[in-house]
Structures are given as C-alpha cells and as structure tokens.
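Coordinates as given in upload_28.cif (mmCIF, C-alpha atoms and all ligand atoms):
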```cif
data_my_file
#
loop_
_atom_site.label_atom_id
_atom_site.label_comp_id
_atom_site.auth_asym_id
_atom_site.auth_seq_id
_atom_site.Cartn_x
_atom_site.Cartn_y
_atom_site.Cartn_z
CA MET A 116 30.48 33.52 24.08
CA ARG A 117 28.89 32.61 20.78
CA PRO A 118 26.31 29.81 20.83
CA ASN A 119 27.31 26.59 19.08
CA PRO A 120 25.93 26.28 15.55
CA PRO A 121 23.01 23.83 15.36
CA GLU A 122 24.03 20.24 14.63
CA SER A 123 23.59 19.26 10.99
CA PRO A 124 21.64 16.08 10.18
CA PHE A 125 24.96 14.66 8.94
CA GLN A 126 26.67 15.39 12.25
CA ARG A 127 23.77 13.70 14.06
CA ARG A 128 24.11 10.63 11.82
CA ARG A 129 27.85 10.49 12.46
CA THR A 130 27.17 10.59 16.20
CA SER A 131 24.73 7.67 15.83
CA ALA A 132 27.28 5.76 13.74
CA ALA A 133 29.94 6.35 16.40
CA THR A 134 27.61 4.96 19.09
CA ALA A 135 27.00 1.93 16.87
CA PHE A 136 30.65 1.17 16.09
CA SER A 137 31.67 1.72 19.72
CA ALA A 138 29.14 -0.97 20.66
CA HIS A 139 31.11 -3.29 18.34
CA GLY A 140 34.25 -2.53 20.38
CA LEU A 141 35.80 -0.40 17.64
CA ASP A 142 37.61 2.89 18.12
CA SER A 143 37.03 4.02 14.54
CA LEU A 144 35.23 3.01 11.37
CA LEU A 145 36.50 3.31 7.81
CA VAL A 146 33.47 3.93 5.57
CA THR A 147 34.02 3.08 1.91
CA ALA A 148 30.50 2.68 0.47
CA LEU A 149 29.76 5.92 -1.40
CA SER A 150 26.10 5.81 -0.33
CA ASN A 151 27.18 5.57 3.33
CA ILE A 152 29.65 8.43 2.84
CA ARG A 153 26.89 10.54 1.31
CA TYR A 154 24.55 9.67 4.18
CA LEU A 155 27.14 10.69 6.78
CA THR A 156 28.67 13.77 5.12
CA ASN A 157 26.53 14.95 2.18
CA PHE A 158 29.50 14.34 -0.17
CA THR A 159 28.25 13.12 -3.57
CA GLY A 160 31.52 12.50 -5.43
CA SER A 161 32.53 9.17 -6.92
CA ASN A 162 35.83 8.71 -5.06
CA GLY A 163 36.04 8.98 -1.31
CA ALA A 164 36.67 7.32 2.02
CA LEU A 165 35.49 8.46 5.42
CA LEU A 166 37.39 7.78 8.61
CA LEU A 167 34.97 8.09 11.46
CA PHE A 168 36.19 8.52 15.04
CA ARG A 169 34.12 8.86 18.18
CA GLU A 170 34.38 12.64 18.22
CA HIS A 171 35.24 13.64 14.68
CA ALA A 172 35.57 12.49 11.08
CA VAL A 173 37.91 12.97 8.10
CA LEU A 174 36.79 12.70 4.49
CA TYR A 175 39.44 11.63 1.95
CA THR A 176 39.10 12.35 -1.73
CA ASP A 177 41.23 13.19 -4.76
CA PRO A 178 42.01 16.63 -6.31
CA ARG A 179 39.08 16.42 -8.77
CA TYR A 180 36.67 16.64 -5.85
CA GLU A 181 38.53 19.11 -3.63
CA LEU A 182 36.15 22.04 -4.16
CA GLN A 183 33.01 19.93 -4.22
CA ALA A 184 33.94 18.02 -1.06
CA THR A 185 34.71 21.16 0.96
CA GLU A 186 31.45 22.71 -0.22
CA GLU A 187 29.24 19.68 0.42
CA ALA A 188 30.72 18.03 3.51
CA ASP A 189 30.59 19.50 7.00
CA CYS A 190 33.69 17.66 8.23
CA PRO A 191 37.42 18.18 7.48
CA VAL A 192 38.50 17.09 3.98
CA LYS A 193 41.91 15.63 3.11
CA VAL A 194 42.92 15.63 -0.53
CA ALA A 195 45.19 12.72 -1.43
CA ARG A 196 47.54 13.24 -4.38
CA GLY A 197 48.03 9.51 -4.82
CA PRO A 198 45.81 6.52 -4.02
CA LEU A 199 43.36 7.28 -1.17
CA TRP A 200 44.27 4.08 0.65
CA ILE A 201 47.89 5.11 1.13
CA ALA A 202 46.78 8.39 2.75
CA VAL A 203 44.24 6.59 4.94
CA ARG A 204 46.80 3.98 5.99
CA LYS A 205 49.35 6.64 6.97
CA ASP A 206 46.81 8.32 9.23
CA LEU A 207 45.71 5.00 10.73
CA ASN A 208 49.29 4.13 11.59
CA ARG A 209 50.03 7.59 12.96
CA LYS A 210 47.06 7.53 15.33
CA HIS A 211 47.95 4.11 16.77
CA LEU A 212 44.37 2.90 16.59
CA LYS A 213 43.78 -0.59 17.93
CA ARG A 214 40.55 -1.58 16.24
CA THR A 215 39.36 0.11 13.06
CA GLY A 216 36.27 -1.41 11.48
CA PHE A 217 36.09 -1.57 7.70
CA GLU A 218 33.06 -2.36 5.52
CA LYS A 219 33.90 -5.88 4.40
CA GLY A 220 31.26 -6.02 1.65
CA ARG A 221 32.09 -2.58 0.33
CA ILE A 222 35.80 -2.62 -0.42
CA THR A 223 37.95 -4.20 -3.10
CA TYR A 224 40.61 -6.71 -2.20
CA GLU A 225 43.18 -4.38 -3.76
CA ALA A 226 42.15 -1.52 -1.44
CA TYR A 227 42.20 -3.88 1.54
CA GLU A 228 45.74 -4.98 0.72
CA ALA A 229 46.87 -1.37 0.34
CA LEU A 230 45.31 -0.51 3.71
CA ARG A 231 46.96 -3.37 5.52
CA GLY A 232 50.28 -2.25 4.11
CA LEU A 233 53.43 -4.33 4.10
CA ASP A 234 55.82 -2.28 6.15
CA ALA A 235 54.29 -0.10 8.84
CA GLY A 236 52.64 -2.77 10.96
CA ASP A 237 49.08 -3.98 11.14
CA PRO A 238 46.65 -1.08 11.69
CA GLY A 239 44.19 -3.43 13.42
CA LEU A 240 41.55 -3.71 10.73
CA VAL A 241 38.35 -5.47 11.77
CA PRO A 242 35.83 -6.59 9.13
CA VAL A 243 32.29 -5.39 9.89
CA GLY A 244 29.11 -5.19 7.84
CA GLY A 245 25.91 -3.18 7.79
CA ILE A 246 26.64 -0.68 10.59
CA VAL A 247 25.69 2.41 8.58
CA GLU A 248 23.14 0.53 6.45
CA HIS A 249 21.33 -0.36 9.68
CA LEU A 250 21.04 3.33 10.60
CA ARG A 251 19.77 4.11 7.09
CA MET A 252 16.78 1.77 7.33
CA VAL A 253 14.54 4.29 9.11
CA LYS A 254 14.26 7.42 7.01
CA SER A 255 14.04 11.01 8.30
CA GLU A 256 11.20 13.25 7.22
CA ASP A 257 13.50 14.93 4.69
CA GLU A 258 14.46 11.57 3.24
CA VAL A 259 10.84 10.46 2.95
CA GLY A 260 10.16 13.78 1.19
CA ALA A 261 12.95 13.06 -1.30
CA ILE A 262 11.61 9.55 -1.96
CA ARG A 263 8.09 10.96 -2.48
CA ARG A 264 9.47 13.33 -5.14
CA SER A 265 11.37 10.49 -6.81
CA VAL A 266 8.22 8.32 -6.84
CA ALA A 267 6.15 11.20 -8.31
CA THR A 268 8.74 11.71 -11.07
CA ALA A 269 8.77 8.03 -12.07
CA SER A 270 4.96 7.81 -12.10
CA LYS A 271 4.63 10.98 -14.18
CA ALA A 272 7.17 9.67 -16.69
CA PHE A 273 5.35 6.34 -16.85
CA HIS A 274 2.02 8.06 -17.48
CA GLU A 275 3.48 10.26 -20.25
CA ALA A 276 5.45 7.49 -21.97
CA VAL A 277 2.70 4.88 -21.86
CA LYS A 278 0.35 7.24 -23.75
CA ARG A 279 2.69 6.90 -26.73
CA ILE A 280 3.11 3.13 -26.72
CA ARG A 281 1.95 1.16 -29.81
CA PRO A 282 2.52 -2.45 -30.88
CA GLU A 283 5.14 -1.01 -33.31
CA THR A 284 7.15 0.51 -30.43
CA THR A 285 10.38 -1.32 -29.57
CA GLU A 286 11.35 -2.20 -26.00
CA LYS A 287 14.45 -0.01 -26.33
CA GLU A 288 12.42 3.00 -27.56
CA LEU A 289 10.04 2.67 -24.64
CA ALA A 290 12.90 2.39 -22.12
CA ALA A 291 14.55 5.49 -23.63
CA GLU A 292 11.26 7.41 -23.53
CA LEU A 293 10.72 6.52 -19.85
CA GLU A 294 14.24 7.59 -18.91
CA TYR A 295 14.07 10.81 -20.93
CA ARG A 296 10.81 11.76 -19.25
CA MET A 297 12.15 11.00 -15.78
CA ARG A 298 15.07 13.35 -16.42
CA ARG A 299 12.75 16.05 -17.76
CA SER A 300 10.78 15.81 -14.49
CA GLY A 301 13.77 16.25 -12.20
CA ALA A 302 15.55 12.90 -11.94
CA GLU A 303 19.34 13.01 -12.30
CA LYS A 304 19.27 9.47 -13.71
CA PRO A 305 17.28 6.25 -13.56
CA ALA A 306 17.71 4.49 -10.20
CA PHE A 307 18.65 1.32 -12.14
CA GLU A 308 18.61 0.22 -15.76
CA THR A 309 14.98 0.51 -16.82
CA ILE A 310 13.47 -2.90 -17.53
CA VAL A 311 11.11 -3.20 -20.50
CA ALA A 312 10.33 -6.78 -21.52
CA SER A 313 7.59 -8.07 -23.78
CA GLY A 314 6.05 -11.42 -24.67
CA ARG A 315 7.72 -14.51 -23.30
CA ARG A 316 10.72 -12.46 -22.16
CA THR A 317 8.57 -11.10 -19.32
CA ALA A 318 9.36 -14.45 -17.67
CA PHE A 319 12.93 -13.21 -17.13
CA PRO A 320 12.54 -11.19 -13.91
CA HIS A 321 15.38 -8.84 -14.93
CA ALA A 322 15.30 -8.67 -18.74
CA ASN A 323 17.24 -6.02 -20.68
CA PRO A 324 15.21 -4.09 -23.28
CA ALA A 325 15.59 -5.66 -26.76
CA SER A 326 15.50 -3.94 -30.15
CA GLY A 327 12.48 -5.81 -31.53
CA THR A 328 8.97 -4.31 -31.62
CA ILE A 329 6.46 -5.31 -28.97
CA GLY A 330 3.91 -6.65 -31.46
CA ARG A 331 0.25 -7.58 -30.96
CA ASN A 332 -1.22 -9.70 -28.16
CA ARG A 333 1.90 -9.31 -26.11
CA LEU A 334 2.37 -8.80 -22.39
CA VAL A 335 4.72 -5.92 -21.48
CA LEU A 336 6.53 -5.58 -18.15
CA ILE A 337 7.95 -2.18 -17.15
CA ASP A 338 10.13 -1.96 -14.02
CA MET A 339 11.45 1.54 -13.50
CA GLY A 340 12.57 4.06 -10.91
CA ALA A 341 14.08 7.51 -10.68
CA SER A 342 17.09 8.68 -8.74
CA GLN A 343 16.28 12.20 -7.62
CA ASN A 344 18.45 14.18 -5.18
CA GLY A 345 20.11 10.82 -4.60
CA TYR A 346 16.93 8.98 -3.57
CA ALA A 347 15.45 6.04 -5.45
CA SER A 348 11.92 5.03 -6.38
CA ASP A 349 10.85 1.66 -7.77
CA MET A 350 7.69 0.44 -9.48
CA THR A 351 6.57 -2.31 -11.85
CA ARG A 352 3.47 -2.20 -14.05
CA MET A 353 2.09 -4.52 -16.74
CA LEU A 354 0.55 -3.74 -20.12
CA PHE A 355 -1.01 -5.87 -22.86
CA SER A 356 -1.25 -5.07 -26.59
CA GLY A 357 -4.66 -6.57 -27.31
CA ARG A 358 -7.39 -8.40 -25.42
CA PRO A 359 -5.97 -10.64 -22.71
CA GLY A 360 -7.23 -14.22 -22.47
CA ALA A 361 -8.67 -15.92 -19.40
CA LYS A 362 -5.37 -17.46 -18.24
CA LEU A 363 -3.59 -14.11 -18.28
CA ARG A 364 -6.44 -12.38 -16.43
CA ARG A 365 -6.42 -15.11 -13.79
CA LEU A 366 -2.66 -14.85 -13.29
CA TYR A 367 -2.82 -11.07 -13.17
CA ASN A 368 -5.53 -11.10 -10.52
CA SER A 369 -3.60 -13.64 -8.42
CA VAL A 370 -0.50 -11.42 -8.38
CA LEU A 371 -2.59 -8.34 -7.62
CA GLU A 372 -4.31 -10.14 -4.75
CA ALA A 373 -0.91 -11.23 -3.38
CA GLN A 374 0.43 -7.69 -3.65
CA LEU A 375 -2.59 -6.18 -1.88
CA ALA A 376 -2.42 -8.84 0.87
CA ALA A 377 1.26 -8.11 1.49
CA ILE A 378 0.59 -4.36 1.59
CA ALA A 379 -2.24 -4.94 4.07
CA ALA A 380 0.21 -6.82 6.32
CA VAL A 381 2.74 -3.96 6.47
CA ARG A 382 2.74 -2.23 9.83
CA GLU A 383 5.27 -1.25 12.50
CA GLY A 384 6.18 -4.29 14.58
CA VAL A 385 5.56 -7.08 12.05
CA THR A 386 8.62 -8.85 10.66
CA ALA A 387 9.71 -8.62 7.04
CA GLY A 388 9.26 -12.40 6.87
CA GLN A 389 5.59 -12.12 7.89
CA VAL A 390 4.92 -9.70 5.02
CA ASP A 391 6.68 -12.02 2.58
CA ARG A 392 4.61 -14.99 3.79
CA LYS A 393 1.34 -13.14 3.07
CA ALA A 394 2.23 -12.79 -0.62
CA ARG A 395 3.45 -16.39 -0.75
CA GLN A 396 0.26 -17.72 0.88
CA VAL A 397 -1.99 -16.05 -1.70
CA LEU A 398 0.08 -17.25 -4.67
CA GLY A 399 0.29 -20.71 -3.10
CA SER A 400 -3.50 -20.88 -2.92
CA TYR A 401 -3.53 -20.52 -6.74
CA GLY A 402 -0.85 -23.19 -7.21
CA LEU A 403 1.75 -20.53 -8.05
CA ARG A 404 4.13 -20.93 -5.12
CA ASP A 405 6.97 -22.24 -7.29
CA ALA A 406 6.46 -19.53 -9.91
CA PHE A 407 7.31 -16.81 -7.34
CA VAL A 408 11.10 -16.99 -7.52
CA HIS A 409 12.24 -13.91 -5.59
CA SER A 410 11.54 -12.13 -2.33
CA THR A 411 8.50 -9.87 -1.86
CA GLY A 412 10.47 -6.65 -1.69
CA HIS A 413 13.39 -4.62 -0.38
CA GLY A 414 14.21 -1.39 1.35
CA LEU A 415 15.25 1.56 -0.79
CA GLY A 416 16.68 5.03 -0.26
CA LEU A 417 20.11 6.26 -1.34
CA GLU A 418 20.44 2.85 -3.02
CA ILE A 419 17.84 0.89 -4.93
CA HIS A 420 18.39 -2.20 -2.76
CA GLU A 421 18.86 -1.59 0.96
CA PRO A 422 17.99 -3.52 4.08
CA PRO A 423 15.54 -4.79 5.11
CA ARG A 424 14.97 -7.55 2.60
CA ILE A 425 11.30 -8.52 2.56
CA GLY A 426 12.20 -12.20 2.31
CA ARG A 427 11.07 -15.45 3.88
CA ARG A 428 13.80 -15.65 6.48
CA ASP A 429 14.18 -11.96 7.34
CA LYS A 430 13.30 -11.34 10.98
CA THR A 431 13.77 -7.55 10.88
CA ARG A 432 10.84 -5.86 12.58
CA LEU A 433 9.40 -3.12 10.42
CA GLN A 434 9.51 0.36 11.92
CA ALA A 435 7.64 3.52 11.05
CA GLY A 436 9.78 5.50 8.62
CA MET A 437 11.13 2.51 6.70
CA VAL A 438 10.51 2.67 2.95
CA ILE A 439 10.19 -0.68 1.19
CA THR A 440 8.88 -2.14 -2.04
CA ILE A 441 6.13 -4.75 -2.29
CA GLU A 442 6.59 -6.67 -5.54
CA PRO A 443 5.38 -10.25 -5.77
CA GLY A 444 5.61 -11.84 -9.22
CA VAL A 445 5.01 -15.08 -11.07
CA TYR A 446 7.15 -16.31 -13.97
CA LEU A 447 6.05 -19.12 -16.26
CA GLU A 448 8.51 -20.39 -18.85
CA GLY A 449 7.12 -20.12 -22.39
CA PHE A 450 4.17 -18.00 -21.23
CA GLY A 451 5.49 -14.92 -19.50
CA GLY A 452 5.81 -13.17 -16.18
CA ILE A 453 3.72 -10.77 -14.14
CA ARG A 454 4.98 -8.51 -11.37
CA ILE A 455 3.28 -5.58 -9.65
CA GLU A 456 5.43 -3.30 -7.52
CA ASP A 457 4.84 -0.23 -5.37
CA THR A 458 7.05 1.87 -3.10
CA VAL A 459 5.54 1.87 0.39
CA LEU A 460 6.17 3.88 3.59
CA VAL A 461 5.79 1.95 6.85
CA THR A 462 3.72 3.80 9.49
CA LYS A 463 2.76 3.06 13.11
CA THR A 464 -0.66 1.75 12.16
CA GLY A 465 -0.06 0.35 8.68
CA CYS A 466 1.53 1.84 5.63
CA GLU A 467 1.16 4.48 2.97
CA VAL A 468 1.48 3.36 -0.65
CA LEU A 469 3.53 6.18 -2.17
CA THR A 470 3.14 5.07 -5.81
CA PRO A 471 0.07 6.83 -7.27
CA THR A 472 -0.07 4.86 -10.55
CA PRO A 473 -3.20 2.67 -10.91
CA LYS A 474 -2.56 -1.07 -10.79
CA GLU A 475 -4.94 -2.37 -13.46
CA LEU A 476 -3.48 -4.17 -16.46
CA ILE A 477 -3.13 -1.43 -19.10
CA LEU A 478 -4.47 -2.37 -22.53
CA PHE A 479 -3.27 -0.72 -25.76
ZN ZN A 501 11.52 -2.65 -9.51
ZN ZN A 502 12.24 -3.50 -6.57
#
```
How would this structure read if it were set down as structure tokens?
Ligand code: ZN
Ligand code: ZN
Amino acid sequence: MRPNPPESPFQRRRTSAATAFSAHGLDSLLVTALSNIRYLTNFTGSNGALLLFREHAVLYTDPRYELQATEEADCPVKVARGPLWIAVRKDLNRKHLKRTGFEKGRITYEAYEALRGLDAGDPGLVPVGGIVEHLRMVKSEDEVGAIRRSVATASKAFHEAVKRIRPETTEKELAAELEYRMRRSGAEKPAFETIVASGRRTAFPHANPASGTIGRNRLVLIDMGASQNGYASDMTRMLFSGRPGAKLRRLYNSVLEAQLAAIAAVREGVTAGQVDRKARQVLGSYGLRDAFVHSTGHGLGLEIHEPPRIGRRDKTRLQAGMVITIEPGVYLEGFGGIRIEDTVLVTKTGCEVLTPTPKELILF
C-alpha cells in the first residue's frame, strides 16, 4: 500500500473551513470571493467559484482558465461553458443539499438570482459572512514570509523613487516612479492605487495623484504598497519640500508619538480596540481627537483590507501571526494632513515592525 501524499496547506485550510461552516449548521459553503478561493485552492484566476463540502471541494471556472486551474488547484476543476452560476446551481440541486452557505458580502445580486433559480426548487441558500476571512486573520509562516518580501519591495521602491523627487516633480510622475520601481523589484502590481498628495490635498486621506507639480514648501503624503505573490504591504510616509515651520513639526511629532504608542500596545491578547484607543489618547492630549477621522489600522494579506479592523469598537483579540497596519493620521482643512503607517506582525510578547523605512519627515 502506498502512503498517502502529504496534505497540502490548501487542503488543510479547506479542512479548517469545513469545520467552521459545519459549526454554522451548513452542509456546504459556496465561496465566491477570489481571495478566499485563492487561499483555499491556490487558484489565481479572475473568474471562479468554489463549492466546499465537508470531505471534498469543486472549483468552477471558465474555459480561459482550464489549464491554469488544473495546474494551480489541488482539487477537482469543473469548466463551465456558460455562466458559472448555472453550473453551480445544477450541482447544488443534484446533490439535494439542505443548507449551503454563500458569502453574502461577496456576490452580486445577479449571481444570487441565478443561483436561486426559478424552476428547480430552492437549493437552501443561507447567507453567511466572514467564515474564510476569519481563518485568514492568522498567517502561516509562508504567508508572513510573502508579506515580508512585499514590504521589502515597497520600501526599496520608496527609497529609490524619493531620491529623485524635486519640487518640479508632479504627483503623477512620483506615483508612476514608485509603481515602476515596485514592479522592477518583484511586485506583480501595486496593492492599491498609489496615493501621492501634496500641499493642502494631503488633508484628503485618500487623494488621487494630480498632474500639477509639488512646488516649494509643500507637504507630500505617499501611501503605497506592493502586491507580491498575491500578498500586500502598506506604508505611509511624509515629505516636505523646504524647511517645515513649528506648527507642522508639532503636528508631525504628535502623529509619530501616537503611532509609536499604538505599536507599543500591540501584543497577543489585547483587543484591536485597545490599540486604537492608545493612538486616540495621544492625539487627544494634543487637541487633535477630531482631526483623526479613520481607524488606527487594518489587517492585510491576500487583500489590502482584511479583518481585524483596528478600530474603536473592534473587540477582536490580537493573536500571534496576525499582520496589521498601524496608521494614525490627522487632517486639517486648509492646512494639510499627516499620516504615518507601518506594516506590523503581532507576536506573543509584542510585535515586529516589518517596515524598515525610517519614520522621520523627509526634507527635499
Ligand atoms: Zn496605506
Ligand atoms: Zn493602510
């Protein structure tokens, strides 16, 4: 008798997902989020659905991905010649499943209607949320390795691009330079649209790069990340084209102090809300509570925003192996905004800041 082949990490994840959906009283789970499909099968295509049973799984895709899916995934692949949902629905009806969970936040209404069907009876669809995302919160060693590489790529690109920045540089040129350099260093793409904002536009937390030049005596905010082997990184740094005045220095130091205080609070066992409160306390002590308009951070991995949210009301207890961002910021209308962001690995005794880029305000 031949020994069984060793279980793949994807098979192990599918087993964990099956335990989780069984606990919800489901006999199967239809996974439609591409990031969840990738996590559970290794399939990286842009069209797929995964039907997960307690003992096995079937990946549905279209003919464009037939070869890729059979090569990447370690579960049976079904190629649908028409819409995927029709093929999935036929199988659901044939198997007489009573309760199939579907990812309510990860499916279009059109797909949902097609799945419910009009003729063959109700396949017993149950809306669920976050089952696979919950499993994804704690990263494996391989995943942490991938995030480390993604972080290193983004920081290298930042270092190289910032050397070339002048007051005459436009926001768009700088964003293009950052993205080009990330790709040259191994990223397949930016993890999100690179944010470069200067002057008063830094007060928009998510500004799009504009075509104007940065100019002199301007604050510059760069928020960037790489997607490398599917894994995201995320960092924000600030620059200034001139000599910053006292108000700017004071604001910068307040945000830096808040960021360091939040990082110091990260440890296995504390809640995400406790970490958020640390940043908010520091900014509050400088009268900046109302200028901090977003949460302190978020998990990241196969997606740029994943649970847990490092927000006021989040009670998730941090666990070793989670990877999160710490990114407090203040935004003052007519003046500008300051944010400092690192990617951080939670450990048993504290955390490891993965981002190697120095945090001082960069002058040019
Ligand atoms: Zn960011
Ligand atoms: Zn972020």
- Message: List as a PyMOL selection string the protein and nucleic acid residues lying within 9 Å of ligand ZN 502 (chain A), with all atoms listed in the file counted.
- Response: chain A and resi 338-340+348-351+411-415+419-420+439-442+456-458
- Query: Which neighbours of A:Arg331 fall inside 9 Å, counting all atoms listed in the file, when residues of the same chain fewer than 5 positions from it are skipped, and could you give them as a list in words?
  - Reply: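 So the residues in contact are Arg281, Pro282, Glu283, Phe355, Ser356 and Gly357 of chain A.
For the choices A:Thr464, A:Asn332, A:Ser410, A:Gln374, the atom-to-atom distance to A:Arg427 is smallest for A:Ser410 when using all atoms listed in the file.
Between ligand ZN 501 (chain A) and the residues A:Thr431, A:Gly449, A:Ala361, A:Ala269, the shortest atom-to-atom distance, using only C-alpha atoms and all ligand atoms, involves A:Ala269.
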Using only C-alpha atoms, which residues sit within 9 Å of A:Gly388 once same-chain residues fewer than 5 positions away are excluded, as a compact mmCIF listing (two decimals) with C-alpha atoms, in the coordinates of the input?
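Just written: selection01.txt:
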```
# COMPACT_ATOMS: atom_id res chain seq x y z
CA LYS A 393 1.34 -13.14 3.07
CA ARG A 424 14.97 -7.55 2.60
CA ILE A 425 11.30 -8.52 2.56
CA GLY A 426 12.20 -12.20 2.31
CA ARG A 427 11.07 -15.45 3.88
CA ARG A 428 13.80 -15.65 6.48
CA ASP A 429 14.18 -11.96 7.34
CA LYS A 430 13.30 -11.34 10.98
CA THR A 431 13.77 -7.55 10.88
CA ARG A 432 10.84 -5.86 12.58
```
- Select, from A:Lys362, A:Arg129, A:His409, A:Arg153, the residue with the minimum atom-to-atom distance to ligand ZN 501 (chain A), counting all atoms listed in the file.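 Smallest separation from ligand ZN 501 (chain A) among the options: A:His409.
Each of A:Ser265, A:Ser326, A:Ser255, A:Thr317 was checked against A:Glu286 using only C-alpha atoms; the smallest atom-to-atom distance is that of A:Ser326.
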- Measure the distance from atom CA of A:Leu149 to atom CA of A:Leu207 in Å and round it to one decimal.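 These two atoms are separated by 20.1 Å.
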- Task: Mind checking which residues fall within 8 Å of A:Ser270, counting all atoms listed in the file, ignoring those fewer than 6 positions away in the same chain, and posting them as number ranges by chain?
- Result: A: 470-472
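Between atom CA of A:Arg315 and atom CA of A:Thr285 lies a distance of 14.8 Å.
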- Item | stretch 211-215 of chain A environment, 12 Å, only C-alpha atoms, sequence neighbours closer than 4 positions dropped, as a VMD selection string | chain A and resid 133 136 to 137 139 to 146 165 to 169 203 to 207 219 230 to 231 235 to 243
- Task: May I have the residues within 9 Å of A:Met437 as a ChimeraX atom specification, using only C-alpha atoms and disregarding those fewer than 2 positions away in the same chain?
- Result: /A:251-254,259,414-415,423,433-435,439,459-462
- Item | d(atom CA of A:Gly452, atom CA of A:Leu476) in Å | 12.9 Å
- Task: Give as a list in words every residue, naming chains and numbers as the document does, that has an atom within 6 Å of (28.1, 18.0, 5.4), counting only C-alpha atoms.
- Result: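 Protein, DNA and RNA residues close to (28.1, 18.0, 5.4): Phe125, Thr156, Asn157, Glu187, Ala188 and Asp189 of chain A.
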- Query: Hey, can you pull every residue with an atom no more than 10 Å from (24.9, -2.6, 7.6), using all atoms listed in the file, and send it as number ranges by chain?
  - Reply: A: 151, 218, 220, 243-252, 421-423
- Looking at all atoms listed in the file, which of A:His321, A:Tyr346, A:Gly436, A:Ile378 is the one that sits closest to ligand ZN 501 (chain A)?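 Among A:His321, A:Tyr346, A:Gly436, A:Ile378, it is A:His321 that comes nearest to ligand ZN 501 (chain A).
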- Message: Which residue is closest to ligand ZN 501 (chain A)? Choose from A:Glu186, A:Glu383, A:Glu258, A:Glu308 and count only C-alpha atoms and all ligand atoms.
- Response: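 With only C-alpha atoms and all ligand atoms as the atom set, the closest residue is A:Glu308.
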